Each structure stands twice: as C-alpha cells, then as structure tokens.
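Below is one structure; the comments refer to it alone.
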2 protein chains.
Amino acid sequence: MNKKTIAIDMDGVLADVELQIIDHYNAAYGTTLTKESIQGLSEEEAFNGRDLLIEILNKDNFFRTLPVMPDAVESVRELQKNFEIFIVSAATEFPLSLAEKVAWLGEHFPFIKWENIVLCGSKRIIKTDYLIDDHCKNLDYCIGKPIMFTAFHNINQTHHLRVNNWKEAVAVLNETL
Amino acid sequence: MNKKTIAIDMDGVLADVELQIIDHYNAAYGTTLTKESIQGLSEEEAFNGRDLLIEILNKDNFFRTLPVMPDAVESVRELQKNFEIFIVSAATEFPLSLAEKVAWLGEHFPFIKWENIVLCGSKRIIKTDYLIDDHCKNLDYCIGKPIMFTAFHNINQTHHLRVNNWKEAVAVLNETL
C-alpha cells in the first residue's frame with residue numbers, strides 16, 4: 001500500500017524564520033524585539049507593517065542561512081519511515097529564495113529528494129493527506145488534514161489541531177498509523 | 001462557482017525547450033540536429049544519453065532565454081477568462097532554473113501571479129482539473145485529466161488525449177465549458 005503523504009512547510013516549521021527575522025530587524029532598525037515580546041502579534045503588528053519585512057526577506061542569503069527548528073531533522077527522518085514526505089514552501093513570491101531553499105534543504109535534509117520539493121504558490125492545489133504549516137492562509141484552504149505548527153503569530157488561533165514542536169508533531173502523526 | 005483549474009507545464013508546452021536544446025547541443029558538439037531529425041526519438045536517443053543534456057540544462061541563462069511556444073501567450077490569456085491557470089514546472093532538479101523560470105514568466109506571462117506558480121517536484125500531488133504536459137512521467141500519474149502536448153519525444157504515445165499546438169488546446173478546453 002502507498003504510504004500516506006505529509007506536506008511540510010519550511011519557514012516557521014522546518015526553519016526558524018522567526019529568530020532570523022528578529023535578528024535582521026533589530027540589526028537594521030535598532031529595535032530590541034525578542035521571541036517573547038512578539039507573542040500573539042500578527043506579522044504586520046510585530047514588524048511595523050509588511051514593507052520592512054519584505055525588504056528583509058528579499059536580502060541575499062536570508063533563506064540560505066536560516067537556523068533549523070529544534071528536532072526537525074530527526075523528526076522528519078523518523079516520519080519518513082512511515083509516510084511520504086513533501087516539502088511545500090510558498091516561495092515564488094521571493095525569487096531569490098528559491099535556489100537558497102533548495103540548497104538549504106540539501107544541507108540540512110539531504111534525505112529529501114528533489115522530486116519531493118515543491119516551491120509554490122498557493123497551497124490550495126497540493127493534495128497530501130496532511131499539511132503541517134504555521135499559517136492559516138495555508139491551513140484554512142488545504143485539501144488534506146491541517147496541522148498547525150505553533151508560531152508567535154498563530155497562538156490565538158484555535159480552529160486547527162495544534163502541535164507546539166516537532167516531538168508533538170511526530171507523536172500526533174504516528175498515532176494515525 | 002469556482003472556475004475549473006488547469007495546470008500547465010513550462011518546458012515543451014509554454015517554452016520551446018526543444019529548439020533551445022538543439023541549438024545549444026549543436027553549438028557544443030558540432031552536430032546538425034534539427035527538430036525534424038529527432039522526431040519520435042526519446043530524449044536519451046536524441047541527445048546521446050542524459051549527461052550532455054543535463055550539462056546544457058544546468059547552464060546559466062538556459063531557462064531565462066527560452067523562446068515562447070507559438071500562440072502560448074494569447075492562448076493562456078484566453079483560457080484565463082474561464083479557468084484558473086496554474087503554471088506547474090518540474091524544476092527543483094535544476095536549482096539554477098528556479099529564479100530564471102519565475103523571471104521568464106514575469107516577462108512573457110505577466111498576468112500569472114506568483115500564487116499560481118508551482119516549481120516542483122513530482123506532479124503526483126498537484127490537484128487540478130486538467131494537466132497540460134508533454135511527458136508521460138507526469139501525465140500518467142496526475143490527479144486531473146491529462147492532456148498531452150505534442151513534442152518530438154511523445155509522438156508515438158497514444159494513451160492520452162493529444163493536442164498538437166496551443167490553438168488545439170484552447171479548443172479542447174473551451175469545449176468542456
């Protein structure tokens with residue numbers, strides 16, 4: 001029988017984009033934001049609108065140098081035993097990020113083949129059994145079962161199954177076997 | 001009601017990759033291949049294995065400078081009136097191609113938004129009502145109805161609905177409305 005499929009988001013799920021944005025933002029604008037200080041804020045509230053954020057996201061090497069989320073590598077490798085894993089990142093808005101994301105995956109997740117990497121776009125047409133993502137704009141419209149990965153901007157959302165970290169994600173998914 | 005969705009492949013469908021490969025191949029290896037001389041051959045047969053081909057496909061600017069397939073721009077614009085169009089290209093095998101493909105689409109198909117661009121990967125998890133593609137490896141396993149776009153390497157395949165050019169593609173799809 002074919003394995004069930006899981007689509008896994010990159011930014012905020014595999015990659016600690018939150019930490020990287022805060023570091024770049026503080027360095028550029030002399031602020032003292034921390035992970036704690038932005039809990040429960042939207043991205044626009046946390047970073048004073050979308051323009052400065054987009055400027056940061058468009059910087060060379062921003063996506064290539066993202067820290068890996070705790071336990072992400074071992075967890076994805078563990079899930080790969082019983083599921084087919086696709087990495088699905090809404091990346092085409094930032095063309096510079098595309099090659100950086102593939103290189104980043106090659107470094108940290110070399111066991112993910114190019115056939116299983118999807119850089120989109122809307123995730124509305126991605127048909128997998130599960131989607132692990134931190135954004136409602138993806139989770140609310142996905143075809144498979146949505147699993148919300150906790151991030152500062154989503155802690156007040158309660159309408160999706162939530163996992164707070166990778167150990168919880170593995171536990172939830174292995175229970176479906 | 002939501003519009004029906006069409007996934008459209010890039011290489012060999014929107015972009016005349018055949019012509020570009022032949023030009024690069026002849027220039028590099030002193031051959032005199034033409035579109036006519038490779039009809040009915042597989043890509044491996046036409047280009048003496050896969051290694052030389054992959055070398056060409058990895059060249060800077062190869063994908064950025066592809067010629068547009070005849071009638072492709074007007075046809076996609078026409079289809080966009082009644083369908084939602086997604087551009088779905090198996091591109092992650094060639095990381096250099098990723099930003100080039102987005103830039104190429106921006107130049108020739110500026111009416112396609114980034115949300116509707118998918119660079120993958122296997123197309124097995126792309127759920128649209130139709131897929132227009134030239135490769136059996138994509139058409140044989142897609143979720144939607146496959147439509148084969150004629151290319152030198154597929155002219156002997158008979159198990160998919162075939163369109164020979166963009167005018168035929170528009171006619172076939174508009175008939176489904």
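In the structure tokens, the first chain shown is A, the next is B, and so on; residue numbers restart at 1 for each chain, and ligands run from 1 in the order shown.
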Since chain B and chain A share a sequence, can you fit the second onto the first over all C-alpha atoms in order and output it as a PDB file with C-alpha atoms, in the first residue's frame?
```
ATOM      1  CA  MET A   1     -18.929  28.839  -8.749  1.00  0.00           C
ATOM      2  CA  ASN A   2     -15.202  28.347  -8.696  1.00  0.00           C
ATOM      3  CA  LYS A   3     -13.526  28.135 -12.062  1.00  0.00           C
ATOM      4  CA  LYS A   4     -12.102  24.785 -13.100  1.00  0.00           C
ATOM      5  CA  THR A   5      -8.337  24.635 -12.747  1.00  0.00           C
ATOM      6  CA  ILE A   6      -5.657  23.853 -15.327  1.00  0.00           C
ATOM      7  CA  ALA A   7      -2.032  23.035 -14.509  1.00  0.00           C
ATOM      8  CA  ILE A   8       0.231  23.965 -17.428  1.00  0.00           C
ATOM      9  CA  ASP A   9       3.774  22.650 -17.799  1.00  0.00           C
ATOM     10  CA  MET A  10       6.517  25.053 -18.919  1.00  0.00           C
ATOM     11  CA  ASP A  11       9.262  23.240 -20.858  1.00  0.00           C
ATOM     12  CA  GLY A  12       7.922  21.867 -24.126  1.00  0.00           C
ATOM     13  CA  VAL A  13       4.493  23.452 -23.573  1.00  0.00           C
ATOM     14  CA  LEU A  14       4.854  27.176 -22.817  1.00  0.00           C
ATOM     15  CA  ALA A  15       8.556  27.327 -23.666  1.00  0.00           C
ATOM     16  CA  ASP A  16      10.208  25.886 -26.755  1.00  0.00           C
ATOM     17  CA  VAL A  17      12.872  23.953 -24.885  1.00  0.00           C
ATOM     18  CA  GLU A  18      13.294  21.575 -27.848  1.00  0.00           C
ATOM     19  CA  LEU A  19      14.631  24.340 -30.087  1.00  0.00           C
ATOM     20  CA  GLN A  20      16.884  25.736 -27.350  1.00  0.00           C
ATOM     21  CA  ILE A  21      18.408  22.321 -26.546  1.00  0.00           C
ATOM     22  CA  ILE A  22      19.063  21.601 -30.227  1.00  0.00           C
ATOM     23  CA  ASP A  23      20.794  24.977 -30.662  1.00  0.00           C
ATOM     24  CA  HIS A  24      22.976  24.534 -27.573  1.00  0.00           C
ATOM     25  CA  TYR A  25      23.697  20.897 -28.416  1.00  0.00           C
ATOM     26  CA  ASN A  26      24.735  21.618 -31.989  1.00  0.00           C
ATOM     27  CA  ALA A  27      26.913  24.528 -30.878  1.00  0.00           C
ATOM     28  CA  ALA A  28      28.645  22.439 -28.186  1.00  0.00           C
ATOM     29  CA  TYR A  29      29.136  19.173 -30.053  1.00  0.00           C
ATOM     30  CA  GLY A  30      29.287  20.206 -33.731  1.00  0.00           C
ATOM     31  CA  THR A  31      26.206  18.155 -34.614  1.00  0.00           C
ATOM     32  CA  THR A  32      23.474  19.154 -37.071  1.00  0.00           C
ATOM     33  CA  LEU A  33      20.346  18.020 -35.260  1.00  0.00           C
ATOM     34  CA  THR A  34      17.057  19.606 -36.298  1.00  0.00           C
ATOM     35  CA  LYS A  35      13.506  19.418 -34.926  1.00  0.00           C
ATOM     36  CA  GLU A  36      12.684  17.103 -37.817  1.00  0.00           C
ATOM     37  CA  SER A  37      15.658  14.776 -37.338  1.00  0.00           C
ATOM     38  CA  ILE A  38      14.766  13.892 -33.733  1.00  0.00           C
ATOM     39  CA  GLN A  39      11.027  13.217 -34.217  1.00  0.00           C
ATOM     40  CA  GLY A  40       9.947  10.063 -32.417  1.00  0.00           C
ATOM     41  CA  LEU A  41      13.215   9.624 -30.523  1.00  0.00           C
ATOM     42  CA  SER A  42      13.404   9.650 -26.737  1.00  0.00           C
ATOM     43  CA  GLU A  43      15.388  12.488 -25.173  1.00  0.00           C
ATOM     44  CA  GLU A  44      18.184  10.008 -24.409  1.00  0.00           C
ATOM     45  CA  GLU A  45      18.263   8.783 -28.027  1.00  0.00           C
ATOM     46  CA  ALA A  46      18.124  12.289 -29.474  1.00  0.00           C
ATOM     47  CA  PHE A  47      20.902  13.702 -27.319  1.00  0.00           C
ATOM     48  CA  ASN A  48      23.174  10.689 -26.859  1.00  0.00           C
ATOM     49  CA  GLY A  49      22.310   9.876 -23.259  1.00  0.00           C
ATOM     50  CA  ARG A  50      21.326  12.110 -20.389  1.00  0.00           C
ATOM     51  CA  ASP A  51      24.702  13.530 -19.265  1.00  0.00           C
ATOM     52  CA  LEU A  52      25.228  16.047 -22.085  1.00  0.00           C
ATOM     53  CA  LEU A  53      21.606  17.123 -21.802  1.00  0.00           C
ATOM     54  CA  ILE A  54      21.909  17.768 -18.079  1.00  0.00           C
ATOM     55  CA  GLU A  55      25.072  19.766 -18.688  1.00  0.00           C
ATOM     56  CA  ILE A  56      23.161  21.998 -21.106  1.00  0.00           C
ATOM     57  CA  LEU A  57      20.177  22.364 -18.769  1.00  0.00           C
ATOM     58  CA  ASN A  58      22.487  23.471 -15.954  1.00  0.00           C
ATOM     59  CA  LYS A  59      23.939  26.373 -17.940  1.00  0.00           C
ATOM     60  CA  ASP A  60      23.341  29.913 -16.666  1.00  0.00           C
ATOM     61  CA  ASN A  61      20.507  31.614 -18.540  1.00  0.00           C
ATOM     62  CA  PHE A  62      19.401  28.486 -20.401  1.00  0.00           C
ATOM     63  CA  PHE A  63      15.869  28.736 -18.990  1.00  0.00           C
ATOM     64  CA  ARG A  64      15.787  32.548 -18.879  1.00  0.00           C
ATOM     65  CA  THR A  65      16.243  32.826 -22.655  1.00  0.00           C
ATOM     66  CA  LEU A  66      13.854  30.120 -23.894  1.00  0.00           C
ATOM     67  CA  PRO A  67      11.705  31.066 -26.898  1.00  0.00           C
ATOM     68  CA  VAL A  68       7.967  31.198 -26.207  1.00  0.00           C
ATOM     69  CA  MET A  69       5.891  28.478 -27.879  1.00  0.00           C
ATOM     70  CA  PRO A  70       3.760  29.790 -30.779  1.00  0.00           C
ATOM     71  CA  ASP A  71       0.385  31.222 -29.629  1.00  0.00           C
ATOM     72  CA  ALA A  72       1.104  30.339 -25.993  1.00  0.00           C
ATOM     73  CA  VAL A  73       0.692  33.834 -24.534  1.00  0.00           C
ATOM     74  CA  GLU A  74      -2.631  34.649 -26.203  1.00  0.00           C
ATOM     75  CA  SER A  75      -3.948  31.144 -25.524  1.00  0.00           C
ATOM     76  CA  VAL A  76      -3.207  31.190 -21.804  1.00  0.00           C
ATOM     77  CA  ARG A  77      -4.712  34.660 -21.552  1.00  0.00           C
ATOM     78  CA  GLU A  78      -7.811  33.382 -23.366  1.00  0.00           C
ATOM     79  CA  LEU A  79      -8.103  30.311 -21.096  1.00  0.00           C
ATOM     80  CA  GLN A  80      -7.734  32.507 -18.030  1.00  0.00           C
ATOM     81  CA  LYS A  81     -11.153  34.003 -18.756  1.00  0.00           C
ATOM     82  CA  ASN A  82     -12.894  30.751 -17.895  1.00  0.00           C
ATOM     83  CA  PHE A  83     -10.334  28.688 -15.968  1.00  0.00           C
ATOM     84  CA  GLU A  84      -7.937  29.251 -13.093  1.00  0.00           C
ATOM     85  CA  ILE A  85      -4.466  28.714 -14.502  1.00  0.00           C
ATOM     86  CA  PHE A  86      -1.522  27.287 -12.551  1.00  0.00           C
ATOM     87  CA  ILE A  87       1.930  27.009 -14.075  1.00  0.00           C
ATOM     88  CA  VAL A  88       3.455  23.766 -12.790  1.00  0.00           C
ATOM     89  CA  SER A  89       7.045  23.015 -13.725  1.00  0.00           C
ATOM     90  CA  ALA A  90       9.226  20.137 -12.525  1.00  0.00           C
ATOM     91  CA  ALA A  91      12.133  22.463 -11.788  1.00  0.00           C
ATOM     92  CA  THR A  92      13.706  21.564  -8.458  1.00  0.00           C
ATOM     93  CA  GLU A  93      16.115  19.164 -10.185  1.00  0.00           C
ATOM     94  CA  PHE A  94      17.821  22.261 -11.638  1.00  0.00           C
ATOM     95  CA  PRO A  95      18.129  24.857  -8.855  1.00  0.00           C
ATOM     96  CA  LEU A  96      19.599  27.481 -11.206  1.00  0.00           C
ATOM     97  CA  SER A  97      16.457  27.313 -13.294  1.00  0.00           C
ATOM     98  CA  LEU A  98      14.142  28.335 -10.457  1.00  0.00           C
ATOM     99  CA  ALA A  99      14.634  32.110 -10.403  1.00  0.00           C
ATOM    100  CA  GLU A 100      15.102  32.091 -14.196  1.00  0.00           C
ATOM    101  CA  LYS A 101      11.717  30.439 -14.670  1.00  0.00           C
ATOM    102  CA  VAL A 102       9.952  32.953 -12.444  1.00  0.00           C
ATOM    103  CA  ALA A 103      11.672  35.834 -14.289  1.00  0.00           C
ATOM    104  CA  TRP A 104      10.794  34.286 -17.676  1.00  0.00           C
ATOM    105  CA  LEU A 105       7.134  34.006 -16.664  1.00  0.00           C
ATOM    106  CA  GLY A 106       7.226  37.602 -15.410  1.00  0.00           C
ATOM    107  CA  GLU A 107       8.461  38.757 -18.811  1.00  0.00           C
ATOM    108  CA  HIS A 108       6.209  36.708 -21.093  1.00  0.00           C
ATOM    109  CA  PHE A 109       3.192  35.898 -18.878  1.00  0.00           C
ATOM    110  CA  PRO A 110       2.952  38.898 -16.518  1.00  0.00           C
ATOM    111  CA  PHE A 111      -0.736  38.132 -15.980  1.00  0.00           C
ATOM    112  CA  ILE A 112       0.173  34.975 -14.001  1.00  0.00           C
ATOM    113  CA  LYS A 113       0.502  35.845 -10.304  1.00  0.00           C
ATOM    114  CA  TRP A 114       3.176  34.291  -8.042  1.00  0.00           C
ATOM    115  CA  GLU A 115       0.411  32.467  -6.157  1.00  0.00           C
ATOM    116  CA  ASN A 116      -0.279  30.457  -9.314  1.00  0.00           C
ATOM    117  CA  ILE A 117       3.300  29.339  -9.976  1.00  0.00           C
ATOM    118  CA  VAL A 118       4.433  25.929  -8.731  1.00  0.00           C
ATOM    119  CA  LEU A 119       8.005  24.704  -9.118  1.00  0.00           C
ATOM    120  CA  CYS A 120       8.227  21.041  -8.149  1.00  0.00           C
ATOM    121  CA  GLY A 121       9.001  18.021  -7.996  1.00  0.00           C
ATOM    122  CA  SER A 122       6.727  15.214  -8.775  1.00  0.00           C
ATOM    123  CA  LYS A 123       3.368  16.344 -10.124  1.00  0.00           C
ATOM    124  CA  ARG A 124       1.579  13.450  -8.399  1.00  0.00           C
ATOM    125  CA  ILE A 125       0.317  15.717  -5.614  1.00  0.00           C
ATOM    126  CA  ILE A 126      -0.905  18.542  -7.871  1.00  0.00           C
ATOM    127  CA  LYS A 127      -4.685  18.565  -7.816  1.00  0.00           C
ATOM    128  CA  THR A 128      -6.144  20.481 -10.737  1.00  0.00           C
ATOM    129  CA  ASP A 129      -8.937  19.525 -13.101  1.00  0.00           C
ATOM    130  CA  TYR A 130      -6.557  19.320 -16.084  1.00  0.00           C
ATOM    131  CA  LEU A 131      -2.817  18.951 -16.670  1.00  0.00           C
ATOM    132  CA  ILE A 132      -1.300  20.004 -19.994  1.00  0.00           C
ATOM    133  CA  ASP A 133       2.149  18.417 -20.239  1.00  0.00           C
ATOM    134  CA  ASP A 134       4.426  16.742 -22.770  1.00  0.00           C
ATOM    135  CA  HIS A 135       5.844  13.991 -20.546  1.00  0.00           C
ATOM    136  CA  CYS A 136       4.199  10.659 -19.753  1.00  0.00           C
ATOM    137  CA  LYS A 137       6.088  10.594 -16.441  1.00  0.00           C
ATOM    138  CA  ASN A 138       3.811  13.478 -15.404  1.00  0.00           C
ATOM    139  CA  LEU A 139       0.639  12.696 -17.366  1.00  0.00           C
ATOM    140  CA  ASP A 140       0.472   9.026 -16.369  1.00  0.00           C
ATOM    141  CA  TYR A 141       0.240   9.814 -12.649  1.00  0.00           C
ATOM    142  CA  CYS A 142      -1.575  13.124 -12.435  1.00  0.00           C
ATOM    143  CA  ILE A 143      -4.778  13.606 -10.472  1.00  0.00           C
ATOM    144  CA  GLY A 144      -6.671  15.641 -13.065  1.00  0.00           C
ATOM    145  CA  LYS A 145      -7.455  14.841 -16.691  1.00  0.00           C
ATOM    146  CA  PRO A 146      -4.196  14.581 -18.661  1.00  0.00           C
ATOM    147  CA  ILE A 147      -3.775  16.442 -21.955  1.00  0.00           C
ATOM    148  CA  MET A 148      -0.645  15.577 -23.917  1.00  0.00           C
ATOM    149  CA  PHE A 149       1.055  18.456 -25.715  1.00  0.00           C
ATOM    150  CA  THR A 150       2.916  17.163 -28.763  1.00  0.00           C
ATOM    151  CA  ALA A 151       6.716  17.033 -28.563  1.00  0.00           C
ATOM    152  CA  PHE A 152       9.318  15.111 -30.563  1.00  0.00           C
ATOM    153  CA  HIS A 153       9.692  12.516 -27.820  1.00  0.00           C
ATOM    154  CA  ASN A 154       5.991  11.716 -27.383  1.00  0.00           C
ATOM    155  CA  ILE A 155       4.629  11.400 -30.934  1.00  0.00           C
ATOM    156  CA  ASN A 156       4.381   7.609 -30.654  1.00  0.00           C
ATOM    157  CA  GLN A 157       2.420   7.682 -27.379  1.00  0.00           C
ATOM    158  CA  THR A 158      -1.291   7.140 -27.927  1.00  0.00           C
ATOM    159  CA  HIS A 159      -2.809   6.676 -24.471  1.00  0.00           C
ATOM    160  CA  HIS A 160      -3.605  10.342 -23.694  1.00  0.00           C
ATOM    161  CA  LEU A 161      -5.804  12.973 -25.298  1.00  0.00           C
ATOM    162  CA  ARG A 162      -3.388  14.839 -27.558  1.00  0.00           C
ATOM    163  CA  VAL A 163      -3.186  18.474 -28.632  1.00  0.00           C
ATOM    164  CA  ASN A 164      -0.644  19.455 -31.272  1.00  0.00           C
ATOM    165  CA  ASN A 165      -0.457  23.158 -30.536  1.00  0.00           C
ATOM    166  CA  TRP A 166      -1.979  25.915 -28.424  1.00  0.00           C
ATOM    167  CA  LYS A 167      -4.928  26.591 -30.727  1.00  0.00           C
ATOM    168  CA  GLU A 168      -5.989  22.947 -30.341  1.00  0.00           C
ATOM    169  CA  ALA A 169      -5.509  23.123 -26.580  1.00  0.00           C
ATOM    170  CA  VAL A 170      -7.822  26.129 -26.275  1.00  0.00           C
ATOM    171  CA  ALA A 171     -10.438  24.467 -28.481  1.00  0.00           C
ATOM    172  CA  VAL A 172     -10.394  21.224 -26.456  1.00  0.00           C
ATOM    173  CA  LEU A 173     -10.641  23.024 -23.128  1.00  0.00           C
ATOM    174  CA  ASN A 174     -13.279  25.537 -24.153  1.00  0.00           C
ATOM    175  CA  GLU A 175     -15.428  22.638 -25.320  1.00  0.00           C
ATOM    176  CA  THR A 176     -15.573  21.355 -21.723  1.00  0.00           C
ATOM    177  CA  LEU A 177     -17.284  24.554 -20.518  1.00  0.00           C
TER     178      LEU A 177
END
```
Mind checking DSSP for segment 10-107 of chain B and telling me the alpha helix (DSSP H) residues as a VMD selection string? chain B and resid 17 to 29 43 to 46 51 to 57 72 to 79 95 to 107
If DSSP is run on the backbone, what residues of segment 5-171 of chain A are strand (DSSP E or B)? A reply as a ChimeraX atom specification would be ideal. /A:5-8,11,15,68,83-90,117-120,126,130-133,145-149,161-163
Could you write out the selected residues, including N, CA and C atoms, as a compact mmCIF listing (two decimals), in the first residue's frame?
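Contents of part_29.txt, as written:
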```txt
# COMPACT_ATOMS: atom_id res chain seq x y z
N THR A 5 0.72 10.62 2.75
CA THR A 5 1.61 11.73 2.40
C THR A 5 1.45 12.91 3.36
N ILE A 6 2.58 13.54 3.66
CA ILE A 6 2.57 14.75 4.50
C ILE A 6 3.27 15.87 3.75
N ALA A 7 2.59 17.02 3.63
CA ALA A 7 3.25 18.22 3.12
C ALA A 7 3.74 19.01 4.32
N ILE A 8 5.02 19.39 4.31
CA ILE A 8 5.60 20.13 5.43
C ILE A 8 6.10 21.48 4.93
N ASP A 11 9.30 27.69 6.26
CA ASP A 11 9.50 28.83 7.17
C ASP A 11 8.57 28.75 8.36
N ALA A 15 12.31 25.63 9.41
CA ALA A 15 13.33 26.66 9.56
C ALA A 15 12.85 27.73 10.54
N VAL A 68 17.92 25.79 11.77
CA VAL A 68 16.97 24.67 11.70
C VAL A 68 16.15 24.64 12.99
N PHE A 83 5.68 7.55 6.29
CA PHE A 83 4.93 8.49 5.44
C PHE A 83 5.81 8.90 4.27
N GLU A 84 5.15 9.34 3.17
CA GLU A 84 5.92 10.01 2.12
C GLU A 84 5.89 11.50 2.41
N ILE A 85 7.08 12.09 2.50
CA ILE A 85 7.21 13.48 2.91
C ILE A 85 7.42 14.38 1.69
N PHE A 86 6.63 15.44 1.60
CA PHE A 86 6.86 16.51 0.62
C PHE A 86 7.13 17.80 1.37
N ILE A 87 8.13 18.53 0.94
CA ILE A 87 8.39 19.85 1.49
C ILE A 87 7.69 20.85 0.58
N VAL A 88 6.78 21.64 1.14
CA VAL A 88 5.94 22.53 0.33
C VAL A 88 6.03 23.94 0.88
N SER A 89 6.74 24.79 0.16
CA SER A 89 7.01 26.15 0.65
C SER A 89 6.44 27.19 -0.31
N ALA A 90 5.70 28.14 0.23
CA ALA A 90 5.18 29.25 -0.60
C ALA A 90 6.33 30.22 -0.84
N ILE A 117 10.21 18.12 -3.41
CA ILE A 117 10.27 19.53 -3.04
C ILE A 117 9.33 20.33 -3.94
N VAL A 118 8.46 21.11 -3.33
CA VAL A 118 7.51 21.94 -4.07
C VAL A 118 7.64 23.38 -3.59
N LEU A 119 7.99 24.27 -4.53
CA LEU A 119 8.05 25.69 -4.22
C LEU A 119 6.87 26.34 -4.94
N CYS A 120 5.91 26.85 -4.17
CA CYS A 120 4.73 27.45 -4.78
C CYS A 120 4.63 28.87 -4.24
N ILE A 126 -2.37 21.55 -3.52
CA ILE A 126 -1.47 20.50 -3.05
C ILE A 126 -2.29 19.41 -2.37
N TYR A 130 -1.85 15.14 4.84
CA TYR A 130 -1.68 16.11 5.94
C TYR A 130 -0.89 17.32 5.44
N LEU A 131 -1.14 18.47 6.06
CA LEU A 131 -0.28 19.64 5.85
C LEU A 131 0.12 20.18 7.22
N ILE A 132 1.42 20.25 7.46
CA ILE A 132 1.93 20.89 8.68
C ILE A 132 2.40 22.28 8.30
N ASP A 133 1.80 23.31 8.89
CA ASP A 133 2.06 24.68 8.46
C ASP A 133 1.77 25.60 9.64
N LYS A 145 -5.61 17.02 5.84
CA LYS A 145 -5.90 17.43 7.21
C LYS A 145 -4.86 18.44 7.67
N PRO A 146 -5.31 19.62 8.12
CA PRO A 146 -4.36 20.65 8.56
C PRO A 146 -3.84 20.40 9.97
N ILE A 147 -2.54 20.62 10.15
CA ILE A 147 -1.91 20.55 11.47
C ILE A 147 -1.15 21.86 11.67
N MET A 148 -1.57 22.62 12.68
CA MET A 148 -0.96 23.94 12.90
C MET A 148 0.29 23.82 13.77
N PHE A 149 1.40 24.32 13.25
CA PHE A 149 2.65 24.33 14.00
C PHE A 149 2.76 25.69 14.70
N LEU A 161 -6.05 21.57 14.65
CA LEU A 161 -5.22 20.73 15.52
C LEU A 161 -3.84 21.37 15.61
N ARG A 162 -3.36 21.56 16.85
CA ARG A 162 -2.11 22.27 17.05
C ARG A 162 -1.00 21.34 17.55
N VAL A 163 0.21 21.54 17.03
CA VAL A 163 1.39 20.92 17.64
C VAL A 163 2.36 22.04 17.98
```
